[in-house]
file model.tsv (TSV, C-alpha atoms)
chain	number	residue	atom	x	y	z
A	30	MET	CA	19.03	-97.28	-28.75
A	31	PHE	CA	18.32	-94.34	-26.48
A	32	ASP	CA	14.89	-93.99	-24.89
A	33	LEU	CA	13.97	-90.44	-25.98
A	34	ASN	CA	10.87	-90.36	-23.77
A	35	ARG	CA	12.93	-91.28	-20.74
A	36	GLU	CA	15.52	-88.64	-21.61
A	37	ALA	CA	12.75	-86.03	-21.97
A	38	ARG	CA	11.32	-86.97	-18.56
A	39	GLU	CA	14.73	-86.58	-16.95
A	40	ILE	CA	15.13	-83.07	-18.32
A	41	GLN	CA	13.27	-80.74	-16.00
A	42	SER	CA	12.80	-77.03	-16.21
A	43	ASP	CA	13.82	-74.69	-13.39
A	44	LYS	CA	10.16	-74.30	-12.41
A	45	ASP	CA	9.75	-78.07	-12.08
A	46	ILE	CA	12.89	-78.36	-9.97
A	47	ALA	CA	11.77	-75.46	-7.76
A	48	TRP	CA	8.35	-77.07	-7.27
A	49	GLU	CA	9.97	-80.42	-6.39
A	50	ILE	CA	12.08	-78.70	-3.72
A	51	TYR	CA	9.15	-76.66	-2.39
A	52	LYS	CA	6.73	-79.54	-1.97
A	53	LYS	CA	9.20	-81.59	0.10
A	54	SER	CA	8.11	-79.55	3.13
A	55	THR	CA	4.62	-80.44	4.38
A	56	THR	CA	4.28	-77.26	6.44
A	57	ASP	CA	5.19	-75.06	3.47
A	58	MET	CA	2.63	-76.88	1.33
A	59	ILE	CA	-0.02	-76.35	4.01
A	60	GLY	CA	0.90	-72.66	4.04
A	61	LEU	CA	0.63	-72.43	0.25
A	62	TYR	CA	-2.78	-74.10	0.09
A	63	THR	CA	-4.01	-72.02	3.04
A	64	LEU	CA	-2.85	-68.79	1.40
A	65	ILE	CA	-4.53	-69.71	-1.90
A	66	LEU	CA	-7.72	-70.51	0.01
A	67	CYS	CA	-7.52	-67.21	1.91
A	68	ILE	CA	-7.03	-65.22	-1.31
A	69	CYS	CA	-9.96	-66.98	-2.99
A	70	VAL	CA	-12.20	-66.44	0.04
A	71	ILE	CA	-11.21	-62.81	0.54
A	72	PHE	CA	-11.25	-61.62	-3.08
A	73	ILE	CA	-13.62	-63.99	-4.90
A	74	LEU	CA	-16.25	-65.05	-2.35
A	75	PRO	CA	-17.57	-61.46	-1.87
A	76	ILE	CA	-18.85	-61.64	-5.47
A	77	TRP	CA	-21.39	-64.28	-4.36
A	78	VAL	CA	-22.18	-62.74	-0.96
A	79	ASN	CA	-25.17	-60.53	-1.67
A	80	PHE	CA	-25.20	-58.61	1.62
A	81	ASP	CA	-24.03	-55.02	1.78
A	82	PRO	CA	-21.52	-54.72	4.66
A	83	LEU	CA	-22.83	-51.23	5.45
A	84	THR	CA	-26.58	-51.96	5.51
A	85	GLN	CA	-27.99	-51.83	9.04
A	86	ASN	CA	-30.97	-53.76	10.39
A	87	VAL	CA	-31.64	-53.03	14.05
A	88	ALA	CA	-34.27	-55.78	14.23
A	89	GLU	CA	-31.55	-58.41	13.57
A	90	ARG	CA	-28.70	-56.98	15.64
A	91	LEU	CA	-26.22	-59.29	17.41
A	92	LEU	CA	-27.46	-62.50	15.82
A	93	PRO	CA	-25.13	-65.44	16.66
A	94	PRO	CA	-23.47	-67.58	13.93
A	95	SER	CA	-25.70	-69.97	12.00
A	96	TRP	CA	-24.48	-73.06	13.92
A	97	SER	CA	-25.83	-71.58	17.16
A	98	ASP	CA	-29.33	-72.36	18.41
A	99	ARG	CA	-30.49	-68.80	17.75
A	100	GLY	CA	-28.53	-68.51	14.54
A	101	SER	CA	-29.91	-68.08	11.05
A	102	LEU	CA	-28.64	-69.45	7.73
A	103	HIS	CA	-29.54	-66.08	6.28
A	104	HIS	CA	-26.52	-64.65	8.17
A	105	PHE	CA	-23.84	-67.36	8.27
A	106	LEU	CA	-21.63	-65.62	10.87
A	107	GLY	CA	-24.46	-63.65	12.43
A	108	THR	CA	-24.72	-59.86	12.63
A	109	ASP	CA	-22.91	-57.12	14.55
A	110	GLU	CA	-24.26	-54.58	17.02
A	111	PHE	CA	-25.89	-52.59	14.19
A	112	GLY	CA	-27.47	-55.59	12.48
A	113	ARG	CA	-24.95	-55.66	9.61
A	114	ASP	CA	-24.05	-59.03	8.09
A	115	PHE	CA	-20.83	-60.10	9.80
A	116	LEU	CA	-19.60	-62.41	7.04
A	117	SER	CA	-19.70	-59.70	4.38
A	118	ARG	CA	-18.00	-57.25	6.76
A	119	LEU	CA	-15.31	-59.82	7.58
A	120	LEU	CA	-14.60	-60.51	3.90
A	121	ILE	CA	-14.44	-56.84	2.91
A	122	GLY	CA	-12.49	-56.00	6.06
A	123	ALA	CA	-9.89	-58.70	5.37
A	124	GLN	CA	-9.77	-57.53	1.75
A	125	ASN	CA	-9.08	-53.94	2.82
A	126	THR	CA	-6.40	-54.96	5.32
A	127	THR	CA	-4.64	-57.36	2.93
A	128	LYS	CA	-4.81	-55.07	-0.09
A	129	TYR	CA	-3.44	-51.99	1.66
A	130	ALA	CA	-0.82	-54.02	3.52
A	131	PHE	CA	0.45	-55.52	0.24
A	132	LEU	CA	0.51	-52.14	-1.53
A	133	ALA	CA	2.35	-50.50	1.37
A	134	CYS	CA	4.89	-53.33	1.63
A	135	PHE	CA	5.49	-53.62	-2.13
A	136	ALA	CA	6.06	-49.88	-2.61
A	137	SER	CA	8.34	-49.78	0.43
A	138	LEU	CA	10.23	-52.86	-0.81
A	139	ILE	CA	10.94	-51.33	-4.23
A	140	ILE	CA	12.05	-47.96	-2.85
A	141	GLY	CA	13.95	-49.35	0.14
A	142	THR	CA	15.78	-52.05	-1.82
A	143	SER	CA	16.77	-49.50	-4.48
A	144	PHE	CA	18.21	-47.14	-1.88
A	145	GLY	CA	19.97	-49.98	-0.07
A	146	LEU	CA	21.60	-51.28	-3.24
A	147	MET	CA	22.64	-47.80	-4.38
A	148	SER	CA	24.22	-47.15	-0.97
A	149	ALA	CA	26.06	-50.48	-0.94
A	150	MET	CA	27.35	-49.99	-4.48
A	151	SER	CA	28.52	-46.44	-3.81
A	152	ARG	CA	32.27	-45.92	-4.30
A	153	SER	CA	32.58	-43.31	-1.55
A	154	ARG	CA	33.49	-44.90	1.81
A	155	THR	CA	32.48	-41.78	3.72
A	156	ARG	CA	29.05	-41.78	2.12
A	157	LYS	CA	28.66	-45.49	2.87
A	158	GLY	CA	29.56	-44.98	6.53
A	159	VAL	CA	27.21	-42.03	7.01
A	160	LEU	CA	24.31	-43.79	5.28
A	161	HIS	CA	24.95	-47.00	7.23
A	162	HIS	CA	24.68	-45.18	10.57
A	163	ILE	CA	21.57	-43.31	9.43
A	164	PHE	CA	19.95	-46.61	8.44
A	165	ASP	CA	20.84	-48.11	11.84
A	166	ILE	CA	19.22	-45.18	13.64
A	167	LEU	CA	16.05	-45.36	11.54
A	168	PHE	CA	15.90	-49.15	11.91
A	169	SER	CA	16.01	-48.82	15.71
A	170	ILE	CA	12.77	-46.78	15.73
A	171	PRO	CA	9.66	-49.01	16.05
A	172	SER	CA	7.64	-49.06	12.83
A	173	ILE	CA	4.38	-48.47	14.68
A	174	LEU	CA	5.81	-45.26	16.21
A	175	ILE	CA	6.74	-43.93	12.76
A	176	ALA	CA	3.24	-44.87	11.59
A	177	PHE	CA	1.58	-42.96	14.43
A	178	ILE	CA	3.67	-39.83	13.72
A	179	THR	CA	2.77	-39.98	10.02
A	180	ILE	CA	-0.93	-40.54	10.72
A	181	GLY	CA	-0.86	-37.68	13.23
A	182	ILE	CA	0.37	-35.37	10.48
A	183	LEU	CA	-1.84	-36.64	7.63
A	184	GLY	CA	-5.01	-37.59	9.52
A	185	ALA	CA	-6.78	-40.84	10.33
A	186	SER	CA	-7.91	-42.92	7.34
A	187	LEU	CA	-7.12	-46.29	5.78
A	188	PRO	CA	-5.06	-44.89	2.84
A	189	HIS	CA	-3.11	-42.65	5.22
A	190	ALA	CA	-2.51	-45.64	7.51
A	191	ALA	CA	-1.17	-47.66	4.55
A	192	LEU	CA	1.10	-44.76	3.56
A	193	ALA	CA	2.34	-44.46	7.14
A	194	ILE	CA	3.07	-48.19	7.35
A	195	GLY	CA	4.89	-48.05	4.01
A	196	ILE	CA	7.08	-45.21	5.30
A	197	SER	CA	7.73	-47.05	8.56
A	198	LEU	CA	8.89	-50.16	6.65
A	199	LEU	CA	11.43	-48.25	4.53
A	200	PRO	CA	14.29	-48.38	7.09
A	201	ARG	CA	13.85	-52.15	7.38
A	202	PHE	CA	14.15	-52.79	3.63
A	203	ILE	CA	16.99	-50.29	3.20
A	204	HIS	CA	18.97	-51.80	6.07
A	205	GLU	CA	18.47	-55.44	5.06
A	206	SER	CA	19.22	-54.92	1.35
A	207	TYR	CA	22.26	-52.82	2.22
A	208	GLY	CA	23.65	-55.51	4.53
A	209	ALA	CA	22.99	-58.33	2.05
A	210	ALA	CA	24.61	-56.42	-0.82
A	211	LYS	CA	27.65	-55.57	1.32
A	212	LYS	CA	28.17	-59.27	2.11
A	213	GLU	CA	28.01	-60.16	-1.58
A	214	LEU	CA	30.52	-57.43	-2.47
A	215	GLU	CA	33.07	-59.00	-0.11
A	216	LYS	CA	32.99	-62.36	-1.92
A	217	GLU	CA	35.83	-63.33	-4.23
A	218	TYR	CA	33.80	-63.84	-7.41
A	219	VAL	CA	32.32	-60.34	-7.10
A	220	ARG	CA	35.74	-58.81	-6.57
A	221	ALA	CA	36.96	-60.70	-9.63
A	222	GLU	CA	34.15	-59.21	-11.72
A	223	ILE	CA	35.01	-55.72	-10.45
A	224	SER	CA	38.67	-56.31	-11.34
A	225	ASP	CA	37.60	-57.39	-14.84
A	226	GLY	CA	36.01	-53.97	-15.34
A	227	SER	CA	32.30	-54.76	-14.79
A	228	SER	CA	30.29	-51.61	-14.23
A	229	ARG	CA	28.47	-51.11	-10.94
A	230	LEU	CA	25.09	-51.04	-12.69
A	231	HIS	CA	25.77	-54.29	-14.57
A	232	LEU	CA	27.11	-55.92	-11.41
A	233	THR	CA	24.02	-54.89	-9.44
A	234	PHE	CA	21.45	-56.41	-11.79
A	235	THR	CA	23.35	-59.50	-12.98
A	236	THR	CA	25.21	-60.58	-9.85
A	237	ILE	CA	24.20	-58.85	-6.62
A	238	LEU	CA	20.42	-58.72	-7.03
A	239	PRO	CA	19.93	-62.39	-8.07
A	240	ASN	CA	22.06	-63.58	-5.14
A	241	ILE	CA	20.21	-61.57	-2.50
A	242	LEU	CA	16.78	-62.53	-3.85
A	243	GLY	CA	16.25	-64.91	-0.93
A	244	THR	CA	16.81	-62.06	1.52
A	245	ILE	CA	14.41	-59.83	-0.41
A	246	ILE	CA	11.68	-62.50	-0.48
A	247	SER	CA	12.12	-63.16	3.23
A	248	ASN	CA	11.93	-59.45	4.01
A	249	MET	CA	8.83	-59.09	1.85
A	250	SER	CA	6.96	-61.91	3.60
A	251	GLN	CA	7.89	-60.45	6.97
A	252	GLY	CA	7.05	-56.95	5.76
A	253	ILE	CA	3.57	-57.96	4.60
A	254	SER	CA	2.93	-59.63	7.96
A	255	ILE	CA	4.15	-56.54	9.83
A	256	ALA	CA	2.02	-54.31	7.59
A	257	ILE	CA	-1.10	-56.41	8.28
A	258	ILE	CA	-0.47	-56.26	12.04
A	259	ASP	CA	0.31	-52.53	12.02
A	260	ILE	CA	-2.68	-51.57	9.86
A	261	ALA	CA	-4.90	-53.65	12.15
A	262	ALA	CA	-3.26	-52.06	15.19
A	263	VAL	CA	-3.83	-48.47	14.07
A	264	GLY	CA	-7.36	-49.46	13.03
A	265	TYR	CA	-7.95	-51.00	16.46
A	266	LEU	CA	-6.87	-47.72	18.11
A	267	GLY	CA	-9.09	-45.67	15.80
A	268	PHE	CA	-6.37	-44.13	13.62
A	269	GLY	CA	-6.90	-46.33	10.56
A	270	ALA	CA	-10.10	-47.16	8.69
A	271	GLN	CA	-12.95	-45.03	10.00
A	272	PRO	CA	-16.46	-46.41	10.64
A	273	PRO	CA	-18.46	-47.69	8.89
A	274	THR	CA	-15.65	-48.95	6.61
A	275	PRO	CA	-14.84	-52.54	7.69
A	276	GLU	CA	-11.24	-53.48	8.47
A	277	LEU	CA	-9.89	-56.27	10.68
A	278	GLY	CA	-8.51	-53.86	13.27
A	279	ASN	CA	-11.65	-51.81	13.85
A	280	MET	CA	-13.79	-54.97	13.66
A	281	LEU	CA	-11.66	-56.47	16.43
A	282	ALA	CA	-12.07	-53.30	18.48
A	283	SER	CA	-15.85	-53.41	18.00
A	284	GLY	CA	-15.88	-57.09	18.95
A	285	ILE	CA	-13.98	-56.42	22.19
A	286	ASP	CA	-16.69	-53.92	23.20
A	287	ILE	CA	-19.38	-56.61	22.92
A	288	ILE	CA	-17.30	-59.67	23.85
A	289	TYR	CA	-19.58	-60.59	26.77
A	290	VAL	CA	-22.66	-60.42	24.55
A	291	SER	CA	-21.27	-61.98	21.37
A	292	THR	CA	-17.89	-63.70	21.83
A	293	SER	CA	-17.55	-64.76	18.19
A	294	LYS	CA	-17.42	-61.15	16.97
A	295	ALA	CA	-14.17	-60.64	18.91
A	296	ILE	CA	-12.59	-64.01	18.10
A	297	ILE	CA	-13.24	-64.44	14.36
A	298	PRO	CA	-11.36	-61.33	13.07
A	299	GLY	CA	-8.34	-62.23	15.20
A	300	VAL	CA	-8.32	-65.84	14.00
A	301	ALA	CA	-8.63	-64.68	10.37
A	302	MET	CA	-5.63	-62.39	10.81
A	303	ILE	CA	-3.53	-65.13	12.45
A	304	VAL	CA	-4.30	-67.64	9.67
A	305	LEU	CA	-3.49	-65.08	6.97
A	306	ILE	CA	-0.18	-64.04	8.55
A	307	ALA	CA	0.88	-67.64	9.26
A	308	SER	CA	0.21	-68.72	5.67
A	309	ILE	CA	2.20	-65.76	4.28
A	310	GLN	CA	5.13	-66.59	6.55
A	311	LEU	CA	5.11	-70.27	5.53
A	312	VAL	CA	5.01	-69.43	1.82
A	313	GLY	CA	7.86	-66.94	2.26
A	314	HIS	CA	9.88	-69.58	4.14
A	315	GLY	CA	9.26	-72.11	1.37
A	316	ILE	CA	10.36	-69.74	-1.39
A	317	CYS	CA	13.52	-68.82	0.53
A	318	ARG	CA	14.27	-72.51	1.06
A	319	VAL	CA	13.96	-73.14	-2.68
A	320	LEU	CA	16.25	-70.22	-3.51
A	321	ASN	CA	18.84	-71.21	-0.90
A	322	THR	CA	18.80	-74.84	-2.10
A	323	GLY	CA	19.28	-73.63	-5.68
A	324	VAL	CA	22.23	-71.45	-4.66
A	325	ALA	CA	23.80	-74.34	-2.72
A	326	ASP	CA	23.39	-76.69	-5.69
A	327	ALA	CA	24.86	-74.11	-8.05
A	328	ALA	CA	27.85	-73.68	-5.76
call {"tool": "encode", "arguments": {"input": "model.tsv", "output": "C-alpha cells"}}
result
Amino acid sequence: MFDLNREAREIQSDKDIAWEIYKKSTTDMIGLYTLILCICVIFILPIWVNFDPLTQNVAERLLPPSWSDRGSLHHFLGTDEFGRDFLSRLLIGAQNTTKYAFLACFASLIIGTSFGLMSAMSRSRTRKGVLHHIFDILFSIPSILIAFITIGILGASLPHAALAIGISLLPRFIHESYGAAKKELEKEYVRAEISDGSSRLHLTFTTILPNILGTIISNMSQGISIAIIDIAAVGYLGFGAQPPTPELGNMLASGIDIIYVSTSKAIIPGVAMIVLIASIQLVGHGICRVLNTGVADAA
C-alpha cells in the first residue's frame, strides 16, 4: 500500500520550493532577517517611543548615548545640538528616507518597465533604434545630476527630492527592461509563439514579463538602494528634507558639524543607512537566485 502521508510530504508548493532554495544561502538569510528587523524598528518601534523628534530642550543638548558615563536612560541614543531625542529623530528620519525612496523607486519601476517593454515589442525597427539611442543617452547621465536639475526647478523639499529621484531612475529601468525584453525576443520559443500568431500584448504578459522578472527584481533592489543614497545625498547638501524634519541625509550633515563634540551623532545615521542598503541588496540577490534557479530547473 502507498503511504499517503509520505506522498503528501513529497508534494511541495512553489512557495515551499522557493523558500527551500532561498534559505540555502546563509548571507541571503542574514539579509532577510536584518531587513525584517529594520522594517520593524523603523515603522513599528516609533509607536512606543514617546519622544517628539521636534521638541527641543536646550538644558539637555548634546547628551551622549545611554551607555556612556554621562548618558541617560531617558535618552537611549542621547540628544542632538538642540536637545532633541536622537533615537526618535533617527527612527523618523530612517522612516522618511525609506518610505520616499521606496515610493520613488516603485513608481519609476512601473513607468520605466512599461515604456521599456512597449519599445522592445514595437514592430517598427526605426522607432526601436531611435528609442534605444535615446535610452542610452539618458542612461549615461548620472541620476544625482538629473535629481539636482529637477530639485532646482521644483524647489528643495523631501517630496520634491523623491520626485526628482524617481525621474532620475526612469532611464535605468527603461534601459534594463528594454534590453532584457530584446534578449527574450531573440530566443527560439518566443519566435515560435510569434509565428503561431500570438499577439504582442499576450506575448508580453504571458512570456516576456515572467522571464525577465529576475532582471526586474534585481533592478528594483538596486533602484531602492540608489534612491536611499540619493535622497540622503540631496538631504546632506540641503536640497532634500528641510529642518526640522528629520531625514538620514540632513541628520548626517548635522552630525558632521558636531563630530568633534559628539562623534556618535555622525556615525549612527551612516551605519543605519549602510545596514539598510546591505540588507535590501542581499534580499534582492536571494530572490533573483530563486528565480534563476527556477528558470534553470524548468529548462
call {"tool": "residues_around", "arguments": {"input": "model.tsv", "residues": "Leu167 (chain A)", "least_positions_apart": "3", "cutoff": "10 Å", "atoms": "only C-alpha atoms", "output": "list in words"}}
result
His162, Ile163, Phe164, Ile170, Pro171, Ser172, Ile175, Ser197, Leu198, Leu199, Pro200, Arg201, Ile203 and His204 of chain A
call {"tool": "closest_atom_pairs", "arguments": {"input": "model.tsv", "of": "region 269-313 of chain A", "to": "region 259-265 of chain A", "cutoff": "8 Å", "atoms": "all atoms listed in the file", "output": "CSV"}}
result
residue,atom,partner,partner_atom,distance
A:Gly269,CA,A:Gly264,CA,4.0
A:Ala270,CA,A:Gly264,CA,5.6
A:Gln271,CA,A:Gly264,CA,7.7
A:Glu276,CA,A:Gly264,CA,7.2
A:Leu277,CA,A:Ala261,CA,5.8
A:Gly278,CA,A:Ala261,CA,3.8
A:Asn279,CA,A:Tyr265,CA,4.6
A:Met280,CA,A:Tyr265,CA,7.6
A:Leu281,CA,A:Tyr265,CA,6.6
A:Ala282,CA,A:Tyr265,CA,5.1
call {"tool": "closest_residue", "arguments": {"input": "model.tsv", "among": "A:Val304, A:Ala210, A:Leu187, A:Ala130", "to": "Gln251 (chain A)", "atoms": "only C-alpha atoms"}}
result
A:Ala130
call {"tool": "closest_residue", "arguments": {"input": "model.tsv", "among": "A:Ile46, A:Ala123, A:Leu214, A:Ile140", "to": "Asn240 (chain A)", "atoms": "all atoms listed in the file"}}
result
A:Leu214
call {"tool": "residues_around", "arguments": {"input": "model.tsv", "residues": "Gly315 (chain A)", "least_positions_apart": "5", "cutoff": "9 Å", "atoms": "all atoms listed in the file", "output": "count of residues only"}}
result
11
call {"tool": "closest_residue", "arguments": {"input": "model.tsv", "among": "A:Ile245, A:Ser283, A:Arg90, A:Leu266", "to": "His314 (chain A)", "atoms": "only C-alpha atoms"}}
result
A:Ile245
call {"tool": "closest_residue", "arguments": {"input": "model.tsv", "among": "A:Ile223, A:Leu132, A:Ile178, A:Leu183", "to": "Arg152 (chain A)", "atoms": "all atoms listed in the file"}}
result
A:Ile223
call {"tool": "closest_residue", "arguments": {"input": "model.tsv", "among": "A:Ser293, A:Thr84, A:Lys211, A:Leu192", "to": "Trp96 (chain A)", "atoms": "only C-alpha atoms"}}
result
A:Ser293
call {"tool": "atom_distance", "arguments": {"input": "model.tsv", "atom1": "CA of Ser227 (chain A)", "atom2": "CA of Thr142 (chain A)"}}
result
21.2 Å
call {"tool": "atom_distance", "arguments": {"input": "model.tsv", "atom1": "CA of Ile237 (chain A)", "atom2": "CA of Glu213 (chain A)"}}
result
6.5 Å
call {"tool": "decode", "arguments": {"input": "model.tsv", "residues": "region 277-305 of chain A", "atoms": "N, CA and C atoms", "output": "mmCIF file, in the first residue's frame"}}
result
data_model
loop_
_atom_site.group_PDB
_atom_site.id
_atom_site.type_symbol
_atom_site.label_atom_id
_atom_site.label_comp_id
_atom_site.auth_asym_id
_atom_site.auth_seq_id
_atom_site.Cartn_x
_atom_site.Cartn_y
_atom_site.Cartn_z
ATOM 1 N N LEU A 277 17.802 60.931 7.126
ATOM 2 C CA LEU A 277 19.154 60.429 7.354
ATOM 3 C C LEU A 277 20.227 61.347 6.775
ATOM 4 N N GLY A 278 19.950 61.940 5.619
ATOM 5 C CA GLY A 278 20.933 62.818 4.992
ATOM 6 C C GLY A 278 21.207 64.076 5.784
ATOM 7 N N ASN A 279 20.136 64.792 6.172
ATOM 8 C CA ASN A 279 20.373 66.032 6.926
ATOM 9 C C ASN A 279 20.828 65.747 8.363
ATOM 10 N N MET A 280 20.472 64.578 8.908
ATOM 11 C CA MET A 280 20.994 64.194 10.226
ATOM 12 C C MET A 280 22.493 63.928 10.147
ATOM 13 N N LEU A 281 22.923 63.309 9.046
ATOM 14 C CA LEU A 281 24.351 63.061 8.855
ATOM 15 C C LEU A 281 25.110 64.374 8.699
ATOM 16 N N ALA A 282 24.510 65.319 7.974
ATOM 17 C CA ALA A 282 25.145 66.630 7.813
ATOM 18 C C ALA A 282 25.260 67.354 9.156
ATOM 19 N N SER A 283 24.202 67.290 9.958
ATOM 20 C CA SER A 283 24.244 67.912 11.283
ATOM 21 C C SER A 283 25.278 67.232 12.170
ATOM 22 N N GLY A 284 25.397 65.909 12.048
ATOM 23 C CA GLY A 284 26.369 65.177 12.860
ATOM 24 C C GLY A 284 27.802 65.517 12.497
ATOM 25 N N ILE A 285 28.059 65.765 11.188
ATOM 26 C CA ILE A 285 29.409 66.132 10.760
ATOM 27 C C ILE A 285 29.820 67.467 11.387
ATOM 28 N N ASP A 286 28.850 68.383 11.530
ATOM 29 C CA ASP A 286 29.154 69.700 12.105
ATOM 30 C C ASP A 286 29.595 69.608 13.561
ATOM 31 N N ILE A 287 29.133 68.570 14.264
ATOM 32 C CA ILE A 287 29.459 68.449 15.696
ATOM 33 C C ILE A 287 30.239 67.166 15.974
ATOM 34 N N ILE A 288 30.959 66.662 14.953
ATOM 35 C CA ILE A 288 31.623 65.365 15.097
ATOM 36 C C ILE A 288 32.688 65.381 16.195
ATOM 37 N N TYR A 289 33.333 66.520 16.426
ATOM 38 C CA TYR A 289 34.367 66.579 17.462
ATOM 39 C C TYR A 289 33.766 66.683 18.865
ATOM 40 N N VAL A 290 32.507 67.078 18.944
ATOM 41 C CA VAL A 290 31.843 67.189 20.238
ATOM 42 C C VAL A 290 31.074 65.917 20.565
ATOM 43 N N SER A 291 30.385 65.362 19.552
ATOM 44 C CA SER A 291 29.581 64.157 19.746
ATOM 45 C C SER A 291 29.738 63.267 18.519
ATOM 46 N N THR A 292 30.697 62.344 18.575
ATOM 47 C CA THR A 292 31.032 61.501 17.420
ATOM 48 C C THR A 292 29.876 60.598 17.006
ATOM 49 N N SER A 293 29.102 60.113 17.973
ATOM 50 C CA SER A 293 28.037 59.159 17.677
ATOM 51 C C SER A 293 26.962 59.752 16.776
ATOM 52 N N LYS A 294 26.744 61.061 16.853
ATOM 53 C CA LYS A 294 25.701 61.699 16.046
ATOM 54 C C LYS A 294 26.039 61.686 14.561
ATOM 55 N N ALA A 295 27.327 61.567 14.234
ATOM 56 C CA ALA A 295 27.749 61.488 12.838
ATOM 57 C C ALA A 295 27.853 60.049 12.351
ATOM 58 N N ILE A 296 28.110 59.123 13.271
ATOM 59 C CA ILE A 296 28.337 57.728 12.880
ATOM 60 C C ILE A 296 27.032 56.951 12.752
ATOM 61 N N ILE A 297 26.127 57.125 13.707
ATOM 62 C CA ILE A 297 24.918 56.282 13.767
ATOM 63 C C ILE A 297 24.040 56.399 12.522
ATOM 64 N N PRO A 298 23.724 57.614 11.997
ATOM 65 C CA PRO A 298 22.903 57.658 10.776
ATOM 66 C C PRO A 298 23.565 56.965 9.589
ATOM 67 N N GLY A 299 24.887 57.096 9.464
ATOM 68 C CA GLY A 299 25.588 56.432 8.368
ATOM 69 C C GLY A 299 25.554 54.920 8.492
ATOM 70 N N VAL A 300 25.750 54.410 9.703
ATOM 71 C CA VAL A 300 25.693 52.965 9.932
ATOM 72 C C VAL A 300 24.292 52.430 9.643
ATOM 73 N N ALA A 301 23.264 53.175 10.079
ATOM 74 C CA ALA A 301 21.878 52.757 9.824
ATOM 75 C C ALA A 301 21.602 52.659 8.329
ATOM 76 N N MET A 302 22.106 53.618 7.560
ATOM 77 C CA MET A 302 21.899 53.606 6.118
ATOM 78 C C MET A 302 22.628 52.446 5.458
ATOM 79 N N ILE A 303 23.851 52.159 5.910
ATOM 80 C CA ILE A 303 24.625 51.045 5.350
ATOM 81 C C ILE A 303 23.937 49.704 5.622
ATOM 82 N N VAL A 304 23.457 49.504 6.846
ATOM 83 C CA VAL A 304 22.782 48.255 7.205
ATOM 84 C C VAL A 304 21.511 48.075 6.377
ATOM 85 N N LEU A 305 20.749 49.149 6.218
ATOM 86 C CA LEU A 305 19.502 49.088 5.457
ATOM 87 C C LEU A 305 19.766 48.746 3.996
#
